[in-house]
file model.csv (CSV, C-alpha atoms)
chain,number,residue,atom,x,y,z
A,1,MET,CA,31.7,-3.7,10.2
A,2,LYS,CA,33.4,-3.7,6.8
A,3,SER,CA,31.3,-2.9,3.8
A,4,GLU,CA,32.1,-6.3,2.3
A,5,THR,CA,30.8,-8.1,5.4
A,6,LEU,CA,27.6,-5.9,5.3
A,7,HIS,CA,27.2,-6.5,1.6
A,8,SER,CA,27.4,-10.3,2.0
A,9,LYS,CA,25.0,-10.2,4.9
A,10,LEU,CA,22.5,-8.1,2.9
A,11,GLU,CA,23.0,-10.4,-0.1
A,12,ARG,CA,22.0,-13.4,2.0
A,13,TYR,CA,19.1,-11.6,3.6
A,14,ALA,CA,17.7,-10.4,0.2
A,15,ALA,CA,18.0,-14.0,-1.1
A,16,GLY,CA,16.3,-15.4,2.1
A,17,LYS,CA,19.4,-17.4,3.0
A,18,ALA,CA,20.5,-15.3,6.0
A,19,MET,CA,21.2,-17.0,9.3
A,20,PRO,CA,18.7,-16.2,12.1
A,21,ALA,CA,21.2,-13.9,13.9
A,22,GLU,CA,21.9,-12.0,10.7
A,23,ALA,CA,18.2,-11.6,9.9
A,24,ARG,CA,17.6,-10.3,13.4
A,25,GLN,CA,20.4,-7.8,13.1
A,26,ILE,CA,19.1,-6.5,9.8
A,27,GLN,CA,15.5,-6.4,11.0
A,28,THR,CA,16.6,-4.5,14.1
A,29,TRP,CA,18.4,-2.0,12.0
A,30,LEU,CA,15.3,-1.6,9.8
A,31,SER,CA,13.1,-1.0,12.9
A,32,CYS,CA,15.5,1.5,14.4
A,33,THR,CA,14.3,4.9,13.5
A,34,ASP,CA,15.6,7.2,16.2
A,35,SER,CA,17.3,9.8,14.1
A,36,ASN,CA,15.5,13.0,13.5
A,37,LYS,CA,15.0,13.9,9.9
A,38,GLU,CA,12.2,16.3,8.9
A,39,LEU,CA,11.4,18.3,5.8
A,40,SER,CA,10.4,21.9,5.9
A,41,PRO,CA,6.8,22.6,4.7
A,42,GLU,CA,8.1,24.2,1.5
A,43,GLU,CA,10.4,21.2,0.8
A,44,LYS,CA,7.6,18.8,1.6
A,45,SER,CA,5.0,20.3,-0.8
A,46,LEU,CA,7.6,20.6,-3.6
A,47,LEU,CA,8.8,17.0,-3.2
A,48,GLU,CA,5.2,15.8,-2.9
A,49,LEU,CA,4.3,17.2,-6.3
A,50,GLU,CA,7.7,16.2,-7.8
A,51,ILE,CA,7.3,12.5,-6.9
A,52,LEU,CA,3.6,12.5,-8.0
A,53,GLN,CA,4.5,14.0,-11.4
A,54,GLU,CA,7.2,11.4,-11.8
A,55,VAL,CA,4.6,8.6,-11.1
A,56,GLN,CA,2.2,10.3,-13.6
A,57,ALA,CA,5.0,10.4,-16.2
A,58,TYR,CA,5.8,6.7,-15.7
A,59,THR,CA,2.3,5.4,-15.7
A,60,ALA,CA,0.6,8.1,-17.9
A,61,TYR,CA,-2.6,7.7,-15.9
A,62,PRO,CA,-3.8,11.3,-16.4
A,63,LEU,CA,-3.8,10.6,-20.2
A,64,PHE,CA,-5.8,7.4,-20.0
A,65,TYR,CA,-8.1,8.3,-17.1
A,66,PRO,CA,-8.5,12.1,-17.1
A,67,LYS,CA,-10.2,13.7,-14.1
A,68,LYS,CA,-13.8,14.5,-14.5
A,69,LYS,CA,-14.5,18.2,-14.2
A,70,SER,CA,-16.5,19.3,-11.2
A,71,TRP,CA,-19.8,21.2,-11.5
A,72,TRP,CA,-18.2,24.5,-10.7
A,73,GLN,CA,-15.5,24.0,-13.3
A,74,LYS,CA,-18.2,23.2,-15.9
A,75,ILE,CA,-20.1,26.4,-15.0
A,76,THR,CA,-17.0,28.6,-15.1
A,77,ALA,CA,-16.0,27.1,-18.5
A,78,LEU,CA,-19.3,28.5,-19.9
A,79,PHE,CA,-18.2,32.0,-19.2
B,1,MET,CA,-5.4,19.8,-4.6
B,2,SER,CA,-8.6,18.3,-3.3
B,3,ARG,CA,-8.6,15.6,-0.7
B,4,ILE,CA,-11.0,12.7,-0.3
B,5,PHE,CA,-11.7,11.7,3.3
B,6,LEU,CA,-12.7,8.1,2.8
B,7,ASP,CA,-11.5,5.0,4.5
B,8,GLU,CA,-8.7,3.0,3.0
B,9,GLN,CA,-10.8,0.1,1.8
B,10,THR,CA,-13.2,2.4,-0.1
B,11,LEU,CA,-10.2,4.1,-1.7
B,12,LEU,CA,-8.8,0.7,-2.7
B,13,ASP,CA,-12.1,-0.2,-4.2
B,14,ARG,CA,-12.2,3.0,-6.2
B,15,LEU,CA,-8.6,2.5,-7.3
B,16,ASN,CA,-9.7,-0.9,-8.7
B,17,LEU,CA,-12.1,1.1,-10.9
B,18,ASN,CA,-9.2,3.2,-12.2
B,19,ASP,CA,-10.1,6.2,-10.0
B,20,THR,CA,-7.1,8.5,-10.2
B,21,GLU,CA,-8.3,10.7,-7.3
B,22,ALA,CA,-8.4,7.7,-5.0
B,23,PHE,CA,-4.9,6.8,-6.0
B,24,GLU,CA,-3.7,10.3,-5.4
B,25,GLU,CA,-5.4,10.4,-2.0
B,26,LEU,CA,-3.5,7.2,-1.0
B,27,TYR,CA,-0.3,8.8,-2.3
B,28,PHE,CA,-0.9,12.0,-0.2
B,29,ARG,CA,-1.5,9.9,2.9
B,30,TYR,CA,1.5,7.7,2.8
B,31,TRP,CA,4.3,9.2,0.7
B,32,HIS,CA,5.8,11.3,3.4
B,33,GLY,CA,6.1,8.5,6.0
B,34,LEU,CA,7.8,6.3,3.4
B,35,TYR,CA,10.1,9.0,2.2
B,36,ILE,CA,11.3,9.9,5.7
B,37,TYR,CA,11.8,6.3,6.6
B,38,CYS,CA,14.0,5.8,3.5
B,39,LEU,CA,15.9,9.0,4.2
B,40,LYS,CA,16.7,7.9,7.7
B,41,LYS,CA,17.9,4.5,6.5
B,42,LEU,CA,19.8,5.4,3.3
B,43,HIS,CA,20.7,9.1,4.0
B,44,SER,CA,20.1,9.7,0.3
B,45,PRO,CA,17.2,12.0,-0.9
B,46,GLN,CA,17.6,10.8,-4.5
B,47,ASP,CA,17.3,7.1,-3.5
B,48,SER,CA,14.4,7.8,-1.2
B,49,LYS,CA,12.5,9.6,-3.9
B,50,ILE,CA,13.1,6.7,-6.3
B,51,ILE,CA,11.9,4.1,-3.8
B,52,VAL,CA,8.7,6.1,-3.1
B,53,ARG,CA,8.0,6.7,-6.8
B,54,ASP,CA,8.5,3.0,-7.6
B,55,ILE,CA,6.3,1.8,-4.8
B,56,PHE,CA,3.4,4.0,-5.9
B,57,ARG,CA,4.0,3.2,-9.6
B,58,THR,CA,3.7,-0.5,-8.7
B,59,ILE,CA,0.5,0.1,-6.7
B,60,TRP,CA,-1.1,1.8,-9.8
B,61,GLU,CA,0.1,-1.0,-12.1
B,62,MET,CA,-1.3,-3.7,-9.9
B,63,ARG,CA,-4.6,-2.0,-9.1
B,64,SER,CA,-6.8,-4.4,-11.0
B,65,SER,CA,-5.1,-7.5,-9.5
B,66,LEU,CA,-5.3,-6.5,-5.8
B,67,PRO,CA,-6.5,-9.4,-3.6
B,68,VAL,CA,-9.7,-9.0,-1.7
B,69,SER,CA,-8.0,-9.0,1.7
B,70,PHE,CA,-5.3,-6.6,0.5
B,71,SER,CA,-3.8,-4.4,3.3
B,72,LEU,CA,-2.1,-1.3,1.9
B,73,THR,CA,-0.3,-0.4,5.1
B,74,LYS,CA,1.1,-4.0,5.4
B,75,TYR,CA,2.1,-3.9,1.8
B,76,LEU,CA,3.8,-0.5,2.1
B,77,TYR,CA,5.6,-1.6,5.3
B,78,GLU,CA,7.0,-4.7,3.7
B,79,GLU,CA,7.8,-3.1,0.4
B,80,VAL,CA,9.7,-0.1,1.8
B,81,ARG,CA,11.9,-2.4,4.0
B,82,LYS,CA,12.5,-4.7,1.0
B,83,GLN,CA,13.4,-1.7,-1.2
B,84,VAL,CA,15.8,-0.2,1.4
B,85,VAL,CA,17.7,-3.5,1.7
B,86,LYS,CA,17.8,-3.9,-2.1
B,87,THR,CA,19.1,-0.3,-2.7
B,88,LEU,CA,21.7,-0.6,0.1
B,89,ASN,CA,22.9,-3.9,-1.3
B,90,GLU,CA,23.2,-2.4,-4.8
B,91,LYS,CA,25.1,0.5,-3.5
B,92,LEU,CA,27.5,-1.7,-1.6
B,93,ALA,CA,28.1,-3.7,-4.8
B,94,SER,CA,29.5,-0.7,-6.6
B,95,ALA,CA,33.1,0.0,-5.5
B,96,ILE,CA,32.7,3.8,-5.7
B,97,GLU,CA,29.9,4.1,-3.2
B,98,ALA,CA,30.9,1.3,-0.9
B,99,GLY,CA,33.6,3.4,0.9
B,100,ALA,CA,31.2,6.3,1.6
B,101,ILE,CA,28.6,3.9,2.9
B,102,GLU,CA,31.1,2.2,5.1
B,103,LYS,CA,31.8,5.5,6.9
B,104,ARG,CA,28.2,6.5,7.2
B,105,LEU,CA,26.2,3.3,7.6
B,106,THR,CA,28.3,0.5,9.1
B,107,HIS,CA,28.3,2.2,12.6
B,108,GLU,CA,24.5,2.0,12.5
B,109,PHE,CA,24.9,-1.8,12.5
B,110,SER,CA,26.9,-1.8,15.7
B,111,VAL,CA,25.5,-3.3,18.8
B,112,GLU,CA,25.3,0.1,20.6
B,113,SER,CA,23.3,1.6,17.8
B,114,LEU,CA,21.0,-1.3,17.4
B,115,GLN,CA,20.2,-1.2,21.2
B,116,ALA,CA,18.3,2.0,20.4
B,117,ALA,CA,15.7,0.0,18.6
B,118,LYS,CA,14.8,-1.8,21.8
B,119,LYS,CA,14.4,1.4,23.8
B,120,PRO,CA,10.7,2.0,23.5
B,121,ALA,CA,9.9,-1.4,24.9
B,122,GLN,CA,12.3,-0.9,27.8
B,123,LYS,CA,10.8,2.5,28.5
B,124,ARG,CA,7.3,1.0,28.5
B,125,TYR,CA,8.2,-1.7,30.9
B,126,ALA,CA,10.0,0.8,33.1
B,127,ALA,CA,6.9,3.0,33.1
B,128,ILE,CA,4.7,0.0,34.1
B,129,ASN,CA,7.1,-0.9,36.9
B,130,SER,CA,7.2,2.6,38.3
B,131,ARG,CA,3.3,2.8,38.2
B,132,SER,CA,3.2,-0.6,40.0
B,133,GLU,CA,5.5,0.8,42.6
B,134,LEU,CA,3.3,3.8,43.0
B,135,LEU,CA,0.2,1.6,43.4
B,136,ARG,CA,2.1,-0.5,46.0
B,137,GLN,CA,2.9,2.6,48.0
B,138,HIS,CA,-0.8,3.8,47.8
B,139,ALA,CA,-1.9,0.4,48.9
B,140,GLY,CA,0.5,0.4,51.8
B,141,GLN,CA,-0.8,3.9,52.9
B,142,ARG,CA,-4.5,2.9,52.7
B,143,GLY,CA,-3.9,-0.4,54.4
B,144,THR,CA,-5.1,-2.5,51.4
B,145,SER,CA,-4.2,-6.1,51.6
B,146,HIS,CA,-1.4,-7.7,49.4
B,147,THR,CA,-3.9,-9.8,47.4
B,148,THR,CA,-6.0,-6.7,46.5
B,149,PHE,CA,-2.8,-4.9,45.4
B,150,GLU,CA,-1.8,-7.9,43.2
B,151,ASN,CA,-5.3,-7.9,41.6
B,152,ILE,CA,-5.1,-4.2,40.9
B,153,LYS,CA,-1.6,-4.7,39.4
B,154,TRP,CA,-2.8,-7.6,37.2
B,155,ILE,CA,-5.7,-5.5,35.9
B,156,PHE,CA,-3.4,-2.5,35.3
B,157,GLN,CA,-0.8,-4.6,33.4
B,158,SER,CA,-3.4,-6.4,31.3
B,159,VAL,CA,-5.1,-3.1,30.3
B,160,SER,CA,-1.8,-1.5,29.4
B,161,SER,CA,-0.6,-4.5,27.4
B,162,LYS,CA,-3.9,-4.5,25.6
B,163,LEU,CA,-3.6,-0.7,24.9
B,164,SER,CA,-0.1,-1.1,23.5
B,165,LEU,CA,-1.2,-4.0,21.4
B,166,ASN,CA,-4.0,-1.9,19.9
B,167,ASN,CA,-1.5,0.8,19.1
B,168,ILE,CA,0.8,-1.5,17.3
B,169,LEU,CA,-2.1,-3.0,15.3
B,170,SER,CA,-3.6,0.4,14.3
B,171,TYR,CA,-0.4,2.2,13.5
B,172,PRO,CA,1.4,1.4,10.2
B,173,LYS,CA,5.0,0.4,10.8
B,174,ASN,CA,7.2,2.6,8.7
call {"tool": "encode", "arguments": {"input": "model.csv", "output": "C-alpha coordinates"}}
result
Amino acid sequence: MKSETLHSKLERYAAGKAMPAEARQIQTWLSCTDSNKELSPEEKSLLELEILQEVQAYTAYPLFYPKKKSWWQKITALF
Amino acid sequence: MSRIFLDEQTLLDRLNLNDTEAFEELYFRYWHGLYIYCLKKLHSPQDSKIIVRDIFRTIWEMRSSLPVSFSLTKYLYEEVRKQVVKTLNEKLASAIEAGAIEKRLTHEFSVESLQAAKKPAQKRYAAINSRSELLRQHAGQRGTSHTTFENIKWIFQSVSSKLSLNNILSYPKN
(Lines of atoms letter the chains of each structure in order from A and count residues from 1; the text may use other names and numbers.)
(Lines give C-alpha, C1' and ligand atoms only; values in the text may rest on other atoms or scores of the structure.)
Protein backbone atom coordinates (compact mmCIF):
# COMPACT_ATOMS: atom_id res chain seq x y z
CA MET A 1 0.00 0.00 0.00
CA LYS A 2 1.23 3.47 -0.90
CA SER A 3 1.76 5.98 1.87
CA GLU A 4 -0.80 8.33 0.26
CA THR A 5 -3.47 5.63 0.39
CA LEU A 6 -2.62 4.83 4.01
CA HIS A 7 -2.63 8.52 4.88
CA SER A 8 -6.08 9.08 3.37
CA LYS A 9 -7.40 5.98 5.16
CA LEU A 10 -6.01 7.13 8.50
CA GLU A 11 -7.33 10.62 7.89
CA ARG A 12 -10.85 9.28 7.38
CA TYR A 13 -10.54 6.93 10.37
CA ALA A 14 -9.36 9.73 12.67
CA ALA A 15 -12.28 11.88 11.52
CA GLY A 16 -14.72 9.01 12.07
CA LYS A 17 -15.60 8.91 8.38
CA ALA A 18 -13.91 5.64 7.44
CA MET A 19 -15.80 2.94 5.60
CA PRO A 20 -16.47 -0.23 7.64
CA ALA A 21 -13.79 -2.20 5.74
CA GLU A 22 -11.20 0.53 6.29
CA ALA A 23 -12.06 0.80 9.98
CA ARG A 24 -11.77 -2.98 10.32
CA GLN A 25 -8.38 -2.98 8.61
CA ILE A 26 -7.00 -0.26 10.87
CA GLN A 27 -8.47 -1.83 14.01
CA THR A 28 -6.98 -5.20 13.05
CA TRP A 29 -3.60 -3.54 12.57
CA LEU A 30 -3.95 -1.86 15.97
CA SER A 31 -4.78 -5.22 17.58
CA CYS A 32 -1.93 -7.09 15.91
CA THR A 33 0.97 -7.13 18.38
CA ASP A 34 2.96 -10.16 17.33
CA SER A 35 6.40 -8.55 16.99
CA ASN A 36 8.79 -9.00 19.90
CA LYS A 37 10.08 -5.78 21.32
CA GLU A 38 11.48 -5.73 24.82
CA LEU A 39 13.58 -3.33 26.83
CA SER A 40 16.54 -4.35 28.93
CA PRO A 41 16.06 -3.78 32.70
CA GLU A 42 18.58 -0.90 32.62
CA GLU A 43 16.85 0.73 29.66
CA LYS A 44 13.49 0.24 31.31
CA SER A 45 14.42 1.88 34.61
CA LEU A 46 16.13 4.78 32.83
CA LEU A 47 13.19 5.39 30.55
CA GLU A 48 10.72 5.04 33.43
CA LEU A 49 12.39 7.88 35.30
CA GLU A 50 12.93 9.94 32.16
CA ILE A 51 9.25 9.92 31.17
CA LEU A 52 8.13 10.56 34.76
CA GLN A 53 10.48 13.52 35.02
CA GLU A 54 9.07 14.92 31.79
CA VAL A 55 5.52 14.54 33.13
CA GLN A 56 6.63 16.29 36.33
CA ALA A 57 8.26 19.08 34.32
CA TYR A 58 5.08 19.59 32.27
CA THR A 59 2.60 19.51 35.13
CA ALA A 60 4.88 20.82 37.93
CA TYR A 61 2.96 18.68 40.42
CA PRO A 62 5.92 18.15 42.79
CA LEU A 63 5.98 21.92 43.26
CA PHE A 64 2.29 22.29 44.09
CA TYR A 65 1.83 18.99 45.92
CA PRO A 66 5.14 18.06 47.55
CA LYS A 67 5.39 14.59 49.04
CA LYS A 68 4.93 14.34 52.78
CA LYS A 69 8.01 13.13 54.61
CA SER A 70 7.64 9.72 56.20
CA TRP A 71 8.29 9.22 59.94
CA TRP A 72 11.79 7.83 59.41
CA GLN A 73 12.77 10.77 57.19
CA LYS A 74 11.61 13.18 59.91
CA ILE A 75 13.66 11.32 62.55
CA THR A 76 16.81 11.21 60.39
CA ALA A 77 16.42 14.93 59.67
CA LEU A 78 16.71 15.61 63.42
CA PHE A 79 20.23 14.20 63.46
CA MET B 1 10.89 4.47 44.80
CA SER B 2 8.11 3.31 47.10
CA ARG B 3 5.16 1.44 45.67
CA ILE B 4 1.56 1.46 46.88
CA PHE B 5 -0.21 -1.86 46.56
CA LEU B 6 -3.80 -0.65 46.41
CA ASP B 7 -6.55 -1.37 43.92
CA GLU B 8 -7.07 0.92 40.96
CA GLN B 9 -10.28 2.53 42.23
CA THR B 10 -8.65 3.53 45.55
CA LEU B 11 -5.71 4.99 43.66
CA LEU B 12 -8.08 6.97 41.42
CA ASP B 13 -9.91 8.25 44.49
CA ARG B 14 -6.61 9.35 45.98
CA LEU B 15 -5.59 10.91 42.67
CA ASN B 16 -8.77 12.98 42.82
CA LEU B 17 -7.45 14.37 46.13
CA ASN B 18 -4.18 15.41 44.44
CA ASP B 19 -2.21 12.47 45.80
CA THR B 20 0.99 12.43 43.75
CA GLU B 21 2.04 9.03 45.09
CA ALA B 22 -1.17 7.46 43.76
CA PHE B 23 -0.51 9.09 40.39
CA GLU B 24 3.04 7.74 40.29
CA GLU B 25 1.83 4.27 41.25
CA LEU B 26 -0.61 4.32 38.33
CA TYR B 27 2.22 5.48 36.10
CA PHE B 28 4.56 2.69 37.26
CA ARG B 29 1.82 0.13 36.64
CA TYR B 30 0.93 1.09 33.10
CA TRP B 31 3.71 3.08 31.39
CA HIS B 32 5.68 0.07 30.18
CA GLY B 33 2.76 -1.67 28.48
CA LEU B 34 1.77 1.54 26.72
CA TYR B 35 5.34 2.28 25.65
CA ILE B 36 5.94 -1.19 24.21
CA TYR B 37 2.62 -1.07 22.36
CA CYS B 38 3.53 2.29 20.77
CA LEU B 39 7.00 1.01 19.93
CA LYS B 40 5.58 -2.04 18.20
CA LYS B 41 3.21 0.07 16.17
CA LEU B 42 5.32 3.13 15.34
CA HIS B 43 8.89 1.74 15.55
CA SER B 44 9.94 5.06 17.04
CA PRO B 45 11.20 5.31 20.66
CA GLN B 46 10.88 9.09 20.57
CA ASP B 47 7.22 9.08 19.46
CA SER B 48 6.39 6.30 21.92
CA LYS B 49 7.88 8.33 24.75
CA ILE B 50 5.90 11.40 23.76
CA ILE B 51 2.64 9.44 23.59
CA VAL B 52 3.15 7.90 27.06
CA ARG B 53 4.14 11.27 28.51
CA ASP B 54 1.10 13.03 27.04
CA ILE B 55 -1.31 10.33 28.21
CA PHE B 56 -0.12 10.60 31.82
CA ARG B 57 0.02 14.39 31.64
CA THR B 58 -3.64 14.37 30.56
CA ILE B 59 -4.57 11.98 33.39
CA TRP B 60 -2.99 14.33 35.93
CA GLU B 61 -4.69 17.35 34.40
CA MET B 62 -8.14 15.79 34.37
CA ARG B 63 -7.83 14.18 37.83
CA SER B 64 -10.48 16.37 39.42
CA SER B 65 -13.01 15.85 36.64
CA LEU B 66 -12.90 12.06 36.37
CA PRO B 67 -16.38 10.54 36.15
CA VAL B 68 -17.54 8.18 38.93
CA SER B 69 -17.52 5.14 36.66
CA PHE B 70 -14.14 5.97 35.14
CA SER B 71 -12.15 2.93 34.04
CA LEU B 72 -8.47 3.71 33.71
CA THR B 73 -7.59 0.60 31.71
CA LYS B 74 -10.38 1.33 29.23
CA TYR B 75 -9.26 4.93 28.94
CA LEU B 76 -5.62 3.95 28.41
CA TYR B 77 -6.59 1.33 25.82
CA GLU B 78 -8.65 3.81 23.83
CA GLU B 79 -6.25 6.70 24.22
CA VAL B 80 -3.10 4.84 23.17
CA ARG B 81 -4.77 3.54 20.01
CA LYS B 82 -6.08 7.02 19.21
CA GLN B 83 -2.64 8.56 19.73
CA VAL B 84 -0.91 5.92 17.59
CA VAL B 85 -3.27 6.62 14.68
CA LYS B 86 -2.88 10.38 15.15
CA THR B 87 0.93 10.22 15.26
CA LEU B 88 1.15 7.94 12.24
CA ASN B 89 -1.20 10.22 10.34
CA GLU B 90 0.91 13.27 11.19
CA LYS B 91 4.07 11.49 10.08
CA LEU B 92 2.52 10.45 6.78
CA ALA B 93 1.49 14.05 6.18
CA SER B 94 5.10 15.21 6.25
CA ALA B 95 6.83 14.43 2.94
CA ILE B 96 10.21 13.66 4.55
CA GLU B 97 9.00 10.87 6.79
CA ALA B 98 6.36 9.41 4.48
CA GLY B 99 8.91 7.51 2.38
CA ALA B 100 10.56 5.86 5.37
CA ILE B 101 7.17 4.89 6.79
CA GLU B 102 6.05 3.46 3.47
CA LYS B 103 9.00 1.05 3.50
CA ARG B 104 8.58 0.11 7.12
CA LEU B 105 4.88 0.22 7.84
CA THR B 106 2.81 -0.34 4.75
CA HIS B 107 3.65 -4.06 4.59
CA GLU B 108 2.13 -4.35 8.06
CA PHE B 109 -1.20 -3.38 6.52
CA SER B 110 -1.07 -6.21 4.01
CA VAL B 111 -3.60 -9.05 4.30
CA GLU B 112 -0.89 -11.59 5.24
CA SER B 113 0.39 -9.46 8.11
CA LEU B 114 -3.09 -8.70 9.38
CA GLN B 115 -3.91 -12.42 9.42
CA ALA B 116 -1.54 -12.67 12.39
CA ALA B 117 -4.03 -10.69 14.49
CA LYS B 118 -6.55 -13.51 14.13
CA LYS B 119 -4.14 -16.27 15.13
CA PRO B 120 -4.87 -16.44 18.86
CA ALA B 121 -8.58 -17.08 18.23
CA GLN B 122 -7.78 -19.70 15.59
CA LYS B 123 -5.34 -21.42 17.96
CA ARG B 124 -7.95 -21.40 20.74
CA TYR B 125 -10.59 -23.02 18.53
CA ALA B 126 -8.04 -25.56 17.28
CA ALA B 127 -7.19 -26.43 20.90
CA ILE B 128 -10.89 -26.87 21.78
CA ASN B 129 -11.43 -29.09 18.74
CA SER B 130 -8.40 -31.25 19.53
CA ARG B 131 -9.58 -31.67 23.15
CA SER B 132 -13.05 -32.56 21.90
CA GLU B 133 -11.49 -35.18 19.66
CA LEU B 134 -9.57 -36.55 22.63
CA LEU B 135 -12.79 -36.72 24.66
CA ARG B 136 -14.52 -38.52 21.79
CA GLN B 137 -11.75 -41.14 21.69
CA HIS B 138 -11.96 -41.66 25.48
CA ALA B 139 -15.72 -41.94 25.25
CA GLY B 140 -15.35 -44.53 22.50
CA GLN B 141 -12.86 -46.57 24.56
CA ARG B 142 -15.04 -46.56 27.67
CA GLY B 143 -18.20 -47.30 25.73
CA THR B 144 -19.92 -44.04 26.76
CA SER B 145 -22.99 -43.20 24.70
CA HIS B 146 -22.97 -40.46 22.05
CA THR B 147 -25.43 -38.29 24.07
CA THR B 148 -23.18 -38.38 27.16
CA PHE B 149 -20.22 -37.44 24.98
CA GLU B 150 -22.14 -34.49 23.47
CA ASN B 151 -23.11 -33.33 27.00
CA ILE B 152 -19.49 -33.46 28.15
CA LYS B 153 -18.42 -31.58 25.02
CA TRP B 154 -21.07 -28.90 25.62
CA ILE B 155 -19.94 -28.44 29.26
CA PHE B 156 -16.30 -28.29 28.20
CA GLN B 157 -16.97 -25.69 25.49
CA SER B 158 -19.12 -23.50 27.72
CA VAL B 159 -16.53 -23.57 30.52
CA SER B 160 -13.65 -22.75 28.14
CA SER B 161 -15.59 -19.92 26.48
CA LYS B 162 -16.44 -18.51 29.91
CA LEU B 163 -12.79 -18.70 30.94
CA SER B 164 -11.59 -16.94 27.80
CA LEU B 165 -14.28 -14.26 28.28
CA ASN B 166 -13.08 -13.69 31.85
CA ASN B 167 -9.51 -13.36 30.58
CA ILE B 168 -10.52 -10.74 28.07
CA LEU B 169 -12.51 -8.79 30.65
CA SER B 170 -9.81 -8.85 33.31
CA TYR B 171 -6.83 -8.12 31.06
CA PRO B 172 -6.25 -4.59 29.74
CA LYS B 173 -6.00 -4.50 25.95
CA ASN B 174 -2.85 -2.76 25.07
call {"tool": "closest_atom_pairs", "arguments": {"input": "model.csv", "of": "chain B", "to": "chain A", "cutoff": "9 Å", "atoms": "all atoms listed in the file", "output": "CSV"}}
result
residue,atom,partner,partner_atom,distance
B:Asn18,CA,A:Tyr65,CA,7.2
B:Asp19,CA,A:Tyr65,CA,7.7
B:Thr20,CA,A:Tyr65,CA,7.0
B:Glu21,CA,A:Lys67,CA,7.7
B:Glu24,CA,A:Leu52,CA,8.1
B:Tyr27,CA,A:Leu52,CA,7.8
B:Phe28,CA,A:Glu48,CA,7.7
B:Trp31,CA,A:Glu48,CA,7.6
B:His32,CA,A:Glu48,CA,7.8
B:Ile36,CA,A:Lys37,CA,6.9
B:Tyr37,CA,A:Thr33,CA,7.5
B:Leu39,CA,A:Lys37,CA,7.6
B:Lys40,CA,A:Lys37,CA,6.6
B:Lys41,CA,A:Leu30,CA,7.4
B:Lys49,CA,A:Ile51,CA,6.7
B:Ile50,CA,A:Ile51,CA,8.2
B:Val52,CA,A:Ile51,CA,7.6
B:Arg53,CA,A:Val55,CA,5.8
B:Asp54,CA,A:Val55,CA,7.7
B:Phe56,CA,A:Val55,CA,7.0
B:Arg57,CA,A:Val55,CA,5.6
B:Trp60,CA,A:Thr59,CA,7.7
B:Glu61,CA,A:Thr59,CA,7.7
B:Arg81,CA,A:Leu30,CA,6.8
B:Lys82,CA,A:Ala14,CA,7.8
B:Val84,CA,A:Leu30,CA,8.5
B:Val85,CA,A:Leu10,CA,6.8
B:Lys86,CA,A:Ala14,CA,6.9
B:Leu88,CA,A:Leu10,CA,8.0
B:Asn89,CA,A:His7,CA,5.8
B:Glu90,CA,A:His7,CA,8.6
B:Lys91,CA,A:His7,CA,8.9
B:Leu92,CA,A:His7,CA,5.8
B:Ala93,CA,A:His7,CA,7.0
B:Ala98,CA,A:Ser3,CA,6.3
B:Gly99,CA,A:Ser3,CA,7.3
B:Ile101,CA,A:Ser3,CA,7.4
B:Glu102,CA,A:Ser3,CA,5.3
B:Lys103,CA,A:Ser3,CA,9.0
B:Leu105,CA,A:Ser3,CA,8.9
B:Thr106,CA,A:Met1,CA,5.5
B:His107,CA,A:Met1,CA,7.2
B:Glu108,CA,A:Trp29,CA,7.3
B:Phe109,CA,A:Trp29,CA,6.5
B:Ser110,CA,A:Met1,CA,7.5
B:Val111,CA,A:Gln25,CA,8.9
B:Ser113,CA,A:Trp29,CA,8.4
B:Leu114,CA,A:Trp29,CA,6.0
B:Gln115,CA,A:Thr28,CA,8.6
B:Ala116,CA,A:Cys32,CA,6.6
B:Ala117,CA,A:Cys32,CA,4.5
B:Lys118,CA,A:Cys32,CA,8.1
B:Lys173,CA,A:Ser31,CA,8.5
B:Asn174,CA,A:Ser31,CA,8.1
call {"tool": "write_last_selection", "arguments": {"input": "model.csv", "atoms": "C-alpha atoms", "output": "short mmCIF file (atom, residue, chain, number, x, y, z; two decimals), keeping the file's coordinate frame"}}
result
data_model
loop_
_atom_site.label_atom_id
_atom_site.label_comp_id
_atom_site.auth_asym_id
_atom_site.auth_seq_id
_atom_site.Cartn_x
_atom_site.Cartn_y
_atom_site.Cartn_z
CA ASN B 18 -9.20 3.20 -12.20
CA ASP B 19 -10.10 6.20 -10.00
CA THR B 20 -7.10 8.50 -10.20
CA GLU B 21 -8.30 10.70 -7.30
CA GLU B 24 -3.70 10.30 -5.40
CA TYR B 27 -0.30 8.80 -2.30
CA PHE B 28 -0.90 12.00 -0.20
CA TRP B 31 4.30 9.20 0.70
CA HIS B 32 5.80 11.30 3.40
CA ILE B 36 11.30 9.90 5.70
CA TYR B 37 11.80 6.30 6.60
CA LEU B 39 15.90 9.00 4.20
CA LYS B 40 16.70 7.90 7.70
CA LYS B 41 17.90 4.50 6.50
CA LYS B 49 12.50 9.60 -3.90
CA ILE B 50 13.10 6.70 -6.30
CA VAL B 52 8.70 6.10 -3.10
CA ARG B 53 8.00 6.70 -6.80
CA ASP B 54 8.50 3.00 -7.60
CA PHE B 56 3.40 4.00 -5.90
CA ARG B 57 4.00 3.20 -9.60
CA TRP B 60 -1.10 1.80 -9.80
CA GLU B 61 0.10 -1.00 -12.10
CA ARG B 81 11.90 -2.40 4.00
CA LYS B 82 12.50 -4.70 1.00
CA VAL B 84 15.80 -0.20 1.40
CA VAL B 85 17.70 -3.50 1.70
CA LYS B 86 17.80 -3.90 -2.10
CA LEU B 88 21.70 -0.60 0.10
CA ASN B 89 22.90 -3.90 -1.30
CA GLU B 90 23.20 -2.40 -4.80
CA LYS B 91 25.10 0.50 -3.50
CA LEU B 92 27.50 -1.70 -1.60
CA ALA B 93 28.10 -3.70 -4.80
CA ALA B 98 30.90 1.30 -0.90
CA GLY B 99 33.60 3.40 0.90
CA ILE B 101 28.60 3.90 2.90
CA GLU B 102 31.10 2.20 5.10
CA LYS B 103 31.80 5.50 6.90
CA LEU B 105 26.20 3.30 7.60
CA THR B 106 28.30 0.50 9.10
CA HIS B 107 28.30 2.20 12.60
CA GLU B 108 24.50 2.00 12.50
CA PHE B 109 24.90 -1.80 12.50
CA SER B 110 26.90 -1.80 15.70
CA VAL B 111 25.50 -3.30 18.80
CA SER B 113 23.30 1.60 17.80
CA LEU B 114 21.00 -1.30 17.40
CA GLN B 115 20.20 -1.20 21.20
CA ALA B 116 18.30 2.00 20.40
CA ALA B 117 15.70 0.00 18.60
CA LYS B 118 14.80 -1.80 21.80
CA LYS B 173 5.00 0.40 10.80
CA ASN B 174 7.20 2.60 8.70
#
call {"tool": "atom_distance", "arguments": {"input": "model.csv", "atom1": "atom CA of Leu11 of chain B", "atom2": "atom CA of Met62 of chain B"}}
result
14.4 Å
call {"tool": "atom_distance", "arguments": {"input": "model.csv", "atom1": "atom CA of Ile59 of chain B", "atom2": "atom CA of Phe5 of chain B"}}
result
19.6 Å
call {"tool": "atom_distance", "arguments": {"input": "model.csv", "atom1": "atom CA of Asp47 of chain B", "atom2": "atom CA of Glu112 of chain B"}}
result
26.3 Å
